[in-house]
Every structure is written in structure tokens, then in C-alpha cells.
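> Input work-v2.txt, format and content: compact mmCIF, C-alpha atoms.
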```txt
# COMPACT_ATOMS: atom_id res chain seq x y z
CA MET A 1 57.65 10.37 74.03
CA LYS A 2 57.08 9.93 77.75
CA PHE A 3 59.51 12.76 78.49
CA MET A 4 57.60 15.12 76.19
CA CYS A 5 54.35 14.29 78.01
CA ILE A 6 55.90 15.21 81.34
CA VAL A 7 57.18 18.55 80.01
CA THR A 8 53.76 19.38 78.56
CA VAL A 9 51.95 18.67 81.81
CA LEU A 10 54.38 20.71 83.90
CA PHE A 11 54.07 23.61 81.48
CA LEU A 12 50.28 23.61 81.56
CA LEU A 13 49.78 23.26 85.31
CA PRO A 14 50.87 26.74 86.38
CA SER A 15 49.43 28.56 83.34
CA SER A 16 45.94 27.13 83.97
CA GLY A 17 45.71 29.13 87.20
CA TRP A 18 46.62 32.52 85.72
CA SER A 19 43.09 33.66 84.87
CA GLY A 20 41.43 35.37 87.80
CA THR A 21 44.17 34.54 90.31
CA PHE A 22 45.64 36.56 93.16
CA LEU A 23 48.81 35.01 94.56
CA GLU A 24 50.98 36.08 97.49
CA THR A 25 54.22 34.18 98.08
CA PHE A 26 56.00 36.91 100.12
CA ASN A 27 59.07 36.47 97.91
CA ASN A 28 59.32 40.25 97.49
CA GLY A 29 59.83 40.60 101.24
CA ASP A 30 56.95 42.95 102.05
CA ILE A 31 53.25 42.90 102.96
CA VAL A 32 52.22 46.29 101.59
CA GLU A 33 49.04 44.91 100.02
CA TRP A 34 47.81 43.64 103.38
CA GLN A 35 46.15 45.28 106.39
CA GLU A 36 45.68 43.98 109.90
CA LEU A 37 42.21 43.39 111.36
CA VAL A 38 42.25 42.54 115.06
CA GLN A 39 39.39 41.20 117.16
CA LEU A 40 37.80 43.90 119.35
CA ASN A 41 40.35 46.35 117.89
CA LYS A 42 43.07 45.14 120.23
CA MET A 43 46.81 45.79 119.89
CA GLU A 44 48.68 45.18 116.65
CA GLY A 45 50.50 41.91 116.09
CA SER A 46 53.87 40.76 114.81
CA TRP A 47 54.15 39.93 111.10
CA GLU A 48 57.53 39.58 109.39
CA VAL A 49 58.68 38.08 106.09
CA VAL A 50 61.44 35.54 106.74
CA ASP A 51 63.01 33.49 103.93
CA GLY A 52 60.05 34.08 101.62
CA GLU A 53 57.46 33.07 104.23
CA LEU A 54 55.34 35.19 106.58
CA HIS A 55 56.34 34.67 110.20
CA ALA A 56 53.55 35.62 112.62
CA VAL A 57 53.53 35.70 116.42
CA SER A 58 50.49 36.05 118.68
CA ARG A 59 50.49 35.52 122.43
CA GLU A 60 46.86 36.55 122.96
CA THR A 61 43.54 34.71 122.74
CA PHE A 62 41.89 37.27 120.45
CA LYS A 63 42.11 36.72 116.70
CA ARG A 64 44.28 38.83 114.45
CA LEU A 65 43.94 38.65 110.66
CA LEU A 66 45.86 40.00 107.69
CA ILE A 67 43.35 40.98 105.01
CA THR A 68 43.39 42.09 101.38
CA GLY A 69 40.92 42.54 98.53
CA ASP A 70 37.81 44.71 98.22
CA SER A 71 34.07 44.81 97.55
CA THR A 72 34.52 43.81 93.89
CA TRP A 73 35.60 40.30 94.96
CA GLU A 74 32.54 38.07 94.84
CA ASP A 75 32.58 34.29 94.31
CA TYR A 76 36.02 32.77 94.83
CA THR A 77 38.20 30.20 96.57
CA VAL A 78 40.85 31.31 99.06
CA GLU A 79 43.58 28.92 100.25
CA PHE A 80 47.01 28.96 101.84
CA ASP A 81 49.75 26.90 103.46
CA VAL A 82 50.41 27.24 107.18
CA LYS A 83 53.00 25.70 109.48
CA PRO A 84 52.24 26.19 113.20
CA LEU A 85 55.51 26.38 115.12
CA LYS A 86 54.31 26.81 118.71
CA LYS A 87 51.01 27.01 120.56
CA HIS A 88 51.12 29.49 123.43
CA GLY A 89 47.68 28.83 124.94
CA ILE A 90 44.01 28.78 123.98
CA GLY A 91 43.91 29.89 120.35
CA GLY A 92 43.85 28.78 116.73
CA ILE A 93 44.55 29.29 113.03
CA SER A 94 41.94 31.06 110.86
CA ILE A 95 40.97 31.58 107.21
CA ALA A 96 38.63 34.45 106.30
CA ALA A 97 36.46 35.54 103.37
CA ARG A 98 33.90 38.19 102.42
CA VAL A 99 35.79 40.74 104.52
CA GLU A 100 34.02 44.11 104.33
CA GLY A 101 35.34 46.66 106.81
CA THR A 102 35.29 44.80 110.12
CA TRP A 103 32.59 42.33 108.98
CA VAL A 104 33.92 38.90 108.11
CA VAL A 105 33.19 35.22 107.59
CA TYR A 106 35.93 33.02 109.04
CA CYS A 107 36.72 29.40 109.85
CA SER A 108 39.14 28.41 112.62
CA VAL A 109 40.90 25.33 113.92
CA HIS A 110 41.08 26.12 117.63
CA ASP A 111 40.21 25.14 121.20
CA PRO A 112 37.64 27.55 122.61
CA VAL A 113 36.23 27.25 126.10
CA VAL A 114 32.49 26.67 125.62
CA ILE A 115 30.05 27.19 128.49
CA ILE A 116 26.46 25.99 128.07
CA GLY A 117 24.14 26.74 130.96
CA ASP A 118 25.18 25.07 134.19
CA LYS A 119 27.21 22.36 132.46
CA PRO A 120 30.99 22.11 133.00
CA PRO A 121 33.07 24.11 130.48
CA ILE A 122 34.02 22.26 127.28
CA HIS A 123 37.61 22.77 126.13
CA LYS A 124 38.53 20.63 123.14
CA SER A 125 40.09 21.05 119.71
CA ARG A 126 37.51 21.74 117.00
CA ILE A 127 36.70 23.68 113.85
CA ASP A 128 34.02 26.30 113.57
CA CYS A 129 32.90 28.77 110.94
CA VAL A 130 31.07 31.96 111.93
CA VAL A 131 30.01 35.30 110.50
CA GLY A 132 30.02 38.64 112.28
CA ASN A 133 31.78 41.88 113.14
CA LEU A 134 35.30 41.24 114.40
CA HIS A 135 35.08 44.42 116.47
CA GLY A 136 31.89 43.14 118.09
CA VAL A 137 30.85 40.11 120.12
CA SER A 138 27.85 38.71 118.20
CA PHE A 139 28.44 36.00 115.59
CA ALA A 140 26.09 33.81 113.59
CA PRO A 141 27.25 30.15 113.34
CA LEU A 142 27.86 28.33 110.07
CA HIS A 143 29.48 25.12 111.29
CA ASP A 144 30.95 23.56 114.42
CA ALA A 145 32.53 20.11 114.85
CA PRO A 146 35.40 18.35 116.65
CA HIS A 147 38.71 18.34 114.77
CA PRO A 148 42.34 17.79 115.80
CA PHE A 149 44.79 20.69 115.95
CA LEU A 150 46.99 21.39 112.96
CA ARG A 151 50.27 19.56 113.53
CA LEU A 152 53.18 21.60 114.81
CA ASN A 153 56.18 22.00 112.48
CA LYS A 154 54.21 20.48 109.58
CA TRP A 155 52.72 22.34 106.62
CA SER A 156 48.94 22.18 106.39
CA HIS A 157 46.66 23.53 103.66
CA LEU A 158 43.43 25.42 104.40
CA LYS A 159 40.87 26.21 101.69
CA LEU A 160 37.53 28.04 101.82
CA SER A 161 35.22 28.27 98.80
CA ILE A 162 32.35 30.73 98.44
CA GLN A 163 29.67 30.59 95.75
CA GLY A 164 26.76 32.93 96.43
CA ASP A 165 25.68 32.17 99.99
CA ILE A 166 27.21 28.65 100.00
CA PHE A 167 30.48 28.10 101.90
CA THR A 168 32.70 24.96 101.83
CA PHE A 169 35.82 24.36 103.93
CA TRP A 170 38.75 21.94 103.45
CA ILE A 171 41.81 21.07 105.52
CA ASN A 172 44.61 19.20 103.75
CA GLU A 173 42.22 18.49 100.84
CA GLU A 174 39.69 16.84 103.17
CA GLN A 175 36.28 18.49 103.14
CA VAL A 176 35.61 19.29 106.79
CA MET A 177 32.51 21.42 106.18
CA LYS A 178 30.11 20.36 103.45
CA PRO A 179 28.54 23.10 101.29
CA THR A 180 26.66 25.16 103.88
CA LYS A 181 24.24 28.02 103.35
CA LEU A 182 24.89 31.24 105.20
CA GLN A 183 21.78 32.39 107.06
CA ILE A 184 21.45 35.57 109.10
CA PHE A 185 18.38 35.70 111.30
CA ARG A 186 17.69 39.44 111.26
CA GLU A 187 14.62 39.06 113.43
CA ILE A 188 17.10 38.51 116.28
CA GLU A 189 18.07 41.93 117.63
CA VAL A 190 21.86 41.42 117.69
CA PHE A 191 21.85 40.28 114.04
CA LYS A 192 19.68 43.05 112.56
CA ASP A 193 22.63 45.08 111.21
CA PHE A 194 24.50 42.19 109.55
CA PRO A 195 25.35 42.90 105.87
CA ASP A 196 24.45 40.55 103.02
CA PHE A 197 28.01 39.17 102.77
CA ARG A 198 27.79 38.92 98.96
CA THR A 199 31.25 40.40 98.32
CA GLY A 200 34.46 41.24 100.15
CA GLY A 201 38.14 40.51 100.59
CA VAL A 202 40.04 37.62 102.15
CA GLY A 203 42.28 37.04 105.13
CA PHE A 204 44.22 34.63 107.29
CA GLY A 205 45.49 34.75 110.82
CA LEU A 206 45.99 33.27 114.24
CA ALA A 207 45.55 33.59 117.99
CA ASN A 208 48.06 32.38 120.60
CA TYR A 209 50.31 30.76 117.99
CA THR A 210 53.63 31.30 116.32
CA ALA A 211 53.27 30.17 112.70
CA ARG A 212 54.51 30.53 109.14
CA PHE A 213 52.14 31.32 106.23
CA ASP A 214 52.80 31.04 102.51
CA ASN A 215 51.21 30.76 99.05
CA ILE A 216 48.00 32.65 99.74
CA THR A 217 45.93 32.07 96.60
CA VAL A 218 42.53 33.46 95.59
CA THR A 219 40.85 32.29 92.39
CA GLY A 220 37.58 33.40 90.80
CA ASP A 221 36.09 35.33 87.90
CA SER A 222 36.03 38.57 89.93
CA ILE A 223 39.66 38.27 91.09
CA PRO A 224 42.31 40.43 89.35
CA ASN A 225 45.51 38.72 88.30
CA SER A 226 48.18 39.74 90.77
CA GLY A 227 51.45 38.41 92.17
CA GLY A 228 54.19 36.13 90.95
CA PHE A 229 52.98 32.86 89.48
CA ALA A 230 55.96 30.61 90.16
CA ILE A 231 53.97 28.99 92.96
CA THR A 232 55.66 26.16 94.84
CA PRO A 233 53.43 25.18 97.76
CA SER A 234 55.49 23.46 100.42
CA GLY A 235 55.75 19.73 99.77
CA LYS A 236 53.55 19.83 96.66
CA LEU A 237 56.01 20.30 93.80
CA THR A 238 58.02 17.26 94.82
CA THR A 239 54.85 15.19 95.08
CA THR A 240 53.61 16.30 91.66
CA TRP A 241 56.92 15.55 89.97
CA GLY A 242 57.17 12.22 91.76
CA ASN A 243 53.73 11.19 90.59
CA LEU A 244 54.46 12.17 87.01
CA LYS A 245 57.79 10.40 87.03
CA LEU A 246 56.20 7.25 88.43
CA THR A 247 53.64 7.30 85.59
CA ALA A 248 56.35 7.71 82.98
CA ASP A 249 58.38 4.80 84.37
CA ARG A 250 55.52 2.34 84.07
```
Represent the structure from my file as C-alpha cells, please.


Amino acid sequence: MKFMCIVTVLFLLPSSGWSGTFLETFNNGDIVEWQELVQLNKMEGSWEVVDGELHAVSRETFKRLLITGDSTWEDYTVEFDVKPLKKHGIGGISIAARVEGTWVVYCSVHDPVVIIGDKPPIHKSRIDCVVGNLHGVSFAPLHDAPHPFLRLNKWSHLKLSIQGDIFTFWINEEQVMKPTKLQIFREIEVFKDFPDFRTGGVGFGLANYTARFDNITVTGDSIPNSGGFAITPSGKLTTTWGNLKLTADR
């Protein structure tokens, strides 16, 4: 009887995510559904599928994203696995949503150099979430807080949820940004042309890192089913089976 329970649970877990799910595992060896969006329209980056994972290299401080989706994508959750392999300098790992042309909302784990007035520059690891035009220089802040770098040679999981104008951000299942309302102050001259950010695609990327990406997943009522659904996020399948087996042995 216990064995039958385990089989039932394992069968139901993947099928529950089929409705309204876009999944990219890179198992087909290409990235034809993706386009590159680079900060300030700088040079193209290096993206290559290696052993069913996307291997990316950036040796510059400006952000480069791979994006997909369109203006029909509205409320959804985007998440992925990332394994940073090497940090080349000031930079970070990013997750993006509501991508419309070059306009984007993104969250990063990075180490920017912050200069405030006459105070000494601040250079520490942190997370921030901003909204703006990646080909411009003006961004409206959503969130900013200290946070350690993602560990090198270890898989981490980033997740960003969007419902209306409310954004929530998780790292390794820990909520690092509580539900936060997006506000654009159009009375400020540099923000007057910002769009409403009600719909748009998704993305992920990096700056000054070599990293591996896998299992990019987008779920929501507006998301078309796409991709192969034999998802095996790194380190998760073993944990799930181990937990189920432990329950059955009790």
C-alpha cells in the first residue's frame, strides 16, 4: 500500500504543472526561442548549450539577458536554476519579467559600486529589483537590501512572481523581497515615458560571471504550454524521492 502511494504522488507531481507552463531545459541543444537583450545595446555575449545546460560567459560589467515571451504574458511566476562557476569582477546574476522591447523589470544578486553624495563608495554584495529601459540609464527602484553572493559551483534557485503590479522575489525558496508594489513616478521627467508594465516576456542573465542555467519555468493562466515536461531541477528529484521514501519507511 505504501508503494502505491509513492507511485501516485510521483505521477501527479509533474502533471500538475502542465497547465499554463512554459519550460526550457535546453535538452534539445538549441536556444532558438530566445533573444539576447544587452544593457546599453553593447556587444553580444556567449551562450552555448553544454550537456543539456546553458553555459554563459560574460566578462563585462553591463547586464546581458536572454529573453522570451510576448505581450500576451500577464500574471505569472518565472524561475530557474543557476550555478555560478566563476566571478570575473563587479557583476551579478539576474532574473527578469514584464520584458517589452527593451523595457524590463529585473532583480539581481550583485555587487554594484554605489556613490551617495560625498560619502565613500559602497561596494558590497546585495540584491536589488528595478524597472526601466535596459538601453537607457534611468531606473525606478523596487527593492534594495544586503544579500550574500550566490555560491560558486552550487546550484541556486531564483523565482520572481508577478500579480498585477505586485512583485515578489525568492532565492532558494527564501522570500528575499516581500510582495512589493511597482510605482512609477511619472511627474519625474526621466520616468515620464515608462510603460505600464502590465504584460511582457521573461528573461535571465548575468554580468561578469561564467555560469550554467537550467530549467527555466514560467507558470500562469496566460502562459502557453511549451517545452518538454520531464523536468528534473538539479538536486530536487533526489530530495523529493528521499522525502517520500522516508515517509513510507515510517

> Got a sec: who's within 12 Å of stretch 39-47 of chain A, counting only C-alpha atoms, leaving out chain neighbours fewer than 3 positions off, as a CSV table (one decimal) with C-alpha atoms, in the frame of the given file?


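Output below, filename out_34.csv:
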```
chain,number,residue,atom,x,y,z
A,26,PHE,CA,56.0,36.9,100.1
A,29,GLY,CA,59.8,40.6,101.2
A,30,ASP,CA,57.0,43.0,102.0
A,31,ILE,CA,53.2,42.9,103.0
A,32,VAL,CA,52.2,46.3,101.6
A,34,TRP,CA,47.8,43.6,103.4
A,35,GLN,CA,46.2,45.3,106.4
A,36,GLU,CA,45.7,44.0,109.9
A,50,VAL,CA,61.4,35.5,106.7
A,53,GLU,CA,57.5,33.1,104.2
A,54,LEU,CA,55.3,35.2,106.6
A,55,HIS,CA,56.3,34.7,110.2
A,56,ALA,CA,53.6,35.6,112.6
A,57,VAL,CA,53.5,35.7,116.4
A,58,SER,CA,50.5,36.0,118.7
A,59,ARG,CA,50.5,35.5,122.4
A,60,GLU,CA,46.9,36.6,123.0
A,61,THR,CA,43.5,34.7,122.7
A,62,PHE,CA,41.9,37.3,120.4
A,63,LYS,CA,42.1,36.7,116.7
A,64,ARG,CA,44.3,38.8,114.4
A,65,LEU,CA,43.9,38.6,110.7
A,66,LEU,CA,45.9,40.0,107.7
A,102,THR,CA,35.3,44.8,110.1
A,103,TRP,CA,32.6,42.3,109.0
A,104,VAL,CA,33.9,38.9,108.1
A,132,GLY,CA,30.0,38.6,112.3
A,133,ASN,CA,31.8,41.9,113.1
A,134,LEU,CA,35.3,41.2,114.4
A,135,HIS,CA,35.1,44.4,116.5
A,136,GLY,CA,31.9,43.1,118.1
A,137,VAL,CA,30.8,40.1,120.1
A,138,SER,CA,27.8,38.7,118.2
A,204,PHE,CA,44.2,34.6,107.3
A,205,GLY,CA,45.5,34.8,110.8
A,206,LEU,CA,46.0,33.3,114.2
A,207,ALA,CA,45.6,33.6,118.0
A,208,ASN,CA,48.1,32.4,120.6
A,209,TYR,CA,50.3,30.8,118.0
A,210,THR,CA,53.6,31.3,116.3
A,211,ALA,CA,53.3,30.2,112.7
A,212,ARG,CA,54.5,30.5,109.1
A,213,PHE,CA,52.1,31.3,106.2
```

> Just give me the residues with any atom within 8 Å of (45.4, 18.0, 102.7), file coordinates, counting all atoms listed in the file, written as a list in words.

Ser156, His157, Leu158, Trp170, Ile171, Asn172, Glu173 and Glu174 of chain A

> Please compute the atom CA of A:Arg151-atom CA of A:Pro179 distance, one decimal, in Å.

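So the answer is 25.2 Å.
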
> Need the shell around A:Arg98: protein/DNA/RNA residues with any atom at most 7 Å away, counting all atoms listed in the file. Skip same-chain ones fewer than 5 positions apart. Format as a ChimeraX atom specification?

/A:104-105,197,199-202

> Just how far from atom CA of A:Lys159 is atom CA of A:Val78, in Å to one decimal?

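Atom-to-atom, atom CA of A:Val78 to atom CA of A:Lys159, that is 5.7 Å.
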
> For the atom pair atom CA of A:Cys129 and atom CA of A:Glu33, what is the interatomic distance in Å to one decimal place?

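Computed distance, atom CA of A:Cys129 to atom CA of A:Glu33, equals 25.3 Å.
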
> Please determine the residues with any atom at most 10 Å from (22.1, 30.3, 105.0) (coordinates as given in the file, with all atoms listed in the file counting) and report them as number ranges by chain.

A: 141-142, 165-167, 180-185
